Amino acid sequence: MNRLLAIASSLLLGLQSVSAGGDLPLIPRQVLFGNPSKANPQVSPDGKQLTYLAPDTKNVLQVWVETIGKKDARQVTHDPKRGIRNYQWAYAPDTLLYLQDNDGDENFHVHAVSLQRRRDRDLTAFQGVRAQIVAVDRHFPGEILVGLNLEDPRTFDVYRINLETGAIVLDTKNPGDVVEWVADPHFRIRAASAFLPDGGSEVRCRADDQAPWKMVVRYGAEDAESGVLGFTEDGQSLWLLTSAGHDTRSLVRRSLENGAEETIAGRPGVDLEEVLMNPLTHRPIAVAFDRLRREWQVVDSQFQDDFRAIEDPQLGDVAFGNWDRDLTKAILIYSGDTHPRDYYLYDRARKKKTHLFASRPELAKYPLATMKPVVIKSRDGLDLVSYLTLPAGQEQKNLPLVLDVHGGPWARDSWDFNPEAQWLANRGCAVLQVNYRGSQGFGKKFLHAGDREWAAKMHDDLVDAVQWAAHEGYADPKRVAIYGGSYGGYAALVGATFTPDLFTCAVDIVGPSNLVTLLHSIPPYWAPMKKQFALRVGDVDKEPEFLQSRSPLFRADQIKIPLLIAQGANDPRVKQAESEQIVAAIKRTGKPVEYMLFPDEGHGFARPENRLKFYAAAEAFLAKYLHTDRAEPAAHAGN
């Protein structure tokens with residue numbers, strides 16, 4: 001298909017920068033959606049250096065390094081176009097690792113950067129092959145373990161790569177169903193999680209890297225997301241994250257000798273979200289839960305004083321970046337609804353945190369909107385944890401509403417700084433983000449309440465949330481947009497086709513339009529998960545008619561509202577055809593549709609110039625159809 005970038009000039013021209021609702025200044029899109037000034041700092045293993053991401057002179061994100069306490073920053077990567085986002089320190093001296101794909105195709109390569117030699121090497125230079133870093137280890141600094149689907153695109157074998165020579169040696173062969181590998185404290189692959197033909201999963205283990213694999217524990221389809229976190233220090237027990245035996249996911253220690261399990265941490269009503277592990281002792285330090293807001297629970301009492309020093313409500317909720325090799329220094333990440341990420345360096349000996357930088361310091365001069373957690377009842381009695389963001393500085397009633405639907409769908413929205421919510425609220429809209437059934441984080445009953453409910457009860461939850469917002473007086477029911485990416489894009493198409501009278505307009509970013517073609521075209525390395533898709537979405541081989549009945553493509557004649565559809569040409573998850581077939585169907589009906597195709601993007605928009613083009617078009621689109629009077633001119637410099 002032709003690669004087009006179609007943006008209607010009528011939407012890009014003629015809007016004026018209006019400041020209705022008081023003198024609240026418009027936040028430029030560049031400030032919200034351009035590259036951060038700095039981001040993702042990491043402390044070196046020896047605790048002496050700091051790396052971070054920052055744009056180069058061509059506005060491409062690169063890795064920079066500086067000596068802690070000095071102003072000697074220098075750029076150490078030179079990605080030509082896409083920018084670097086995923087990187088980490090290796091334990092080899094002065095060595096960084098980063099992942100990069102080709103224009104969003106998600107066939108990531110592992111690169112090693114030698115800071116002393118100023119050399120960048122592609123360690124996995126295999127065309128059409130996807131790499132994933134499995135493990136690095138402080139006791140084996142010269143090696144890394146990497147998963148590659150080199151021999152079979154459907155499965156990842158583990159390879160041991162020498163960081164000095166670049167030599168690659170096959171370490172562990174995948175039997176065909178393993179989706180996750182785990183190394184023990186001796187840097188040997190000794191545990192694995194596999195998906196089973198019935199939709200369940202199992203954990204396997206072996207005595208050493210030459211011994212046969214044995215099943216440790218098997219989970220049914222309702223607990224299939226259970227898996228291995230790591231080994232205890234002696235290698236004789238496993239740390240598991242599992243919901244088996246209870247509704248929510250908990251941290252469990254399981255003996256490999258006798259199968260005895262001990263629950264370390266868990267809560268009713270909310271899944272355990274994160275485990276902070278001590279790499280020196282292979283024991284958990286603390287765990288995080290997130291129902292309405294993130295909360296840490298200290299597991300190792302030796303770190304109780306550290307958390308007292310770290311937690312600071314005025315700075316927002318805290319997350320951890322990385323630690324140095326000896327756990328003397330850590331990167332802290334603070335964020336809240338009204339301020340973006342702020343980074344600190346924590347010194348454990350002094351129990352002191354030192355500010356490093358803010359990711360988007362320009363936002364400090366703009367008033368931002370608060371995000372309010374709300375719990376909405378679905379029509380059949382489920383609690384839908386949701387987040388409502390209302391414009392600051394104006395009347396917060398009878399507003400145009402944007403229902404911003406998260407992707408996944410097996411993911412969730414959380415309380416945090418959200419640039420889209422701030423952007424839309426600053427333009428005078430109420431923003432509602434709903435954790436509809438099928439979202440993760442609220443227990444397996446809630447998760448599986450979404451099974452086979454695409455375009456059905458999952459969409460009912462979104463409808464109920466819109467009606468709640470209208471009933472509470474926040475939303476003008478005649479000015480409601482549905483907006484989202486991936487599954488959220490599918491939900492936008494469902495809103496336009498299944499409930500065409502509820503919404504005023506819809507914005508779909510990389511959303512599937514036909515569940516049959518979607519499931520027939522998933523990446524080959526998702527093959528082990530095929531049964532899970534069959535159980536949760538529908539069986540593409542046995543019930544294509546059912547999947548068609550839940551596909552917006554076959555209801556295009558029901559569309560009454562204008563749509564904006566954006567797609568990355570190299571998307572391996574939701575192929576370009578998913579957008580183009582619905583665009584063609586809408587055009588046949590004579591209804592308005594705007595289509596943006598980005599030739600150098602995949603599942604989302606990584607390059608800032610592409611993000612800004614999309615958000616300029618989306619802002620003009622929403623302003624036109626929601627009849628808002630606050631918009632930044634689409635042709636604004638930098639956009």
# chains A, B, ... in the order shown; residues from 1 in each chain; ligands from 1
>>> select_by_dssp(residues="stretch 99-282 of chain A", states="strand (DSSP E or B)", output="JSON, numbers by chain")
{"A": [99, 100, 109, 110, 111, 112, 113, 114, 119, 120, 121, 122, 131, 132, 133, 134, 135, 143, 144, 145, 146, 147, 148, 157, 158, 159, 160, 161, 162, 168, 169, 170, 171, 172, 178, 179, 180, 181, 182, 183, 189, 190, 191, 192, 193, 194, 195, 201, 202, 203, 204, 205, 214, 215, 216, 217, 218, 219, 227, 228, 229, 230, 231, 237, 238, 239, 240, 241, 242, 250, 251, 252, 253, 254, 255, 261, 262, 263, 264, 265, 267, 270, 272, 273, 274, 275, 276, 277, 278]}
>>> select_by_dssp(residues="stretch 223-450 of chain A", states="alpha helix (DSSP H)", output="list of chain:residue names")
A:Gln304, A:Asp305, A:Asp306, A:Phe307, A:Arg308, A:Ala309, A:Ile310, A:Pro419, A:Glu420, A:Ala421, A:Gln422, A:Trp423, A:Leu424, A:Ala425, A:Asn426, A:Lys444, A:Lys445, A:Phe446, A:Leu447, A:His448
>>> atom_distance(atom1="atom CA of A:Gly227", atom2="atom CA of A:Arg254")
11.7 Å
>>> residues_around(residues="A:Asp271", least_positions_apart="6", cutoff="6 Å", atoms="only C-alpha atoms", output="PDB file with N, CA and C atoms, in the first residue's frame")
ATOM      1  N   THR A 248      -6.049 -11.741  44.040  1.00  0.00           N
ATOM      2  CA  THR A 248      -5.063 -10.761  43.608  1.00  0.00           C
ATOM      3  C   THR A 248      -3.654 -11.355  43.579  1.00  0.00           C
ATOM      4  N   ARG A 249      -2.799 -10.747  42.769  1.00  0.00           N
ATOM      5  CA  ARG A 249      -1.426 -11.224  42.611  1.00  0.00           C
ATOM      6  C   ARG A 249      -0.601 -10.866  43.843  1.00  0.00           C
ATOM      7  N   GLY A 441      -4.459  -5.148  37.417  1.00  0.00           N
ATOM      8  CA  GLY A 441      -4.171  -4.469  38.665  1.00  0.00           C
ATOM      9  C   GLY A 441      -5.216  -4.611  39.741  1.00  0.00           C
ATOM     10  N   PHE A 442      -6.383  -5.188  39.389  1.00  0.00           N
ATOM     11  CA  PHE A 442      -7.497  -5.220  40.327  1.00  0.00           C
ATOM     12  C   PHE A 442      -7.981  -6.638  40.618  1.00  0.00           C
ATOM     13  N   GLY A 443      -7.117  -7.607  40.409  1.00  0.00           N
ATOM     14  CA  GLY A 443      -7.475  -8.991  40.690  1.00  0.00           C
ATOM     15  C   GLY A 443      -7.915  -9.728  39.437  1.00  0.00           C
TER      16      GLY A 443
END
>>> atom_distance(atom1="atom CA of A:His186", atom2="atom CA of A:Asn322")
21.1 Å
>>> residues_around(residues="stretch 27-38 of chain A", least_positions_apart="2", cutoff="6 Å", atoms="only C-alpha atoms", output="list in words")
Leu53, Ala54, Ser359, Arg360, Pro419 and Pro608 of chain A
>>> atom_distance(atom1="atom CA of A:Val537", atom2="atom CA of A:Arg452")
4.7 Å
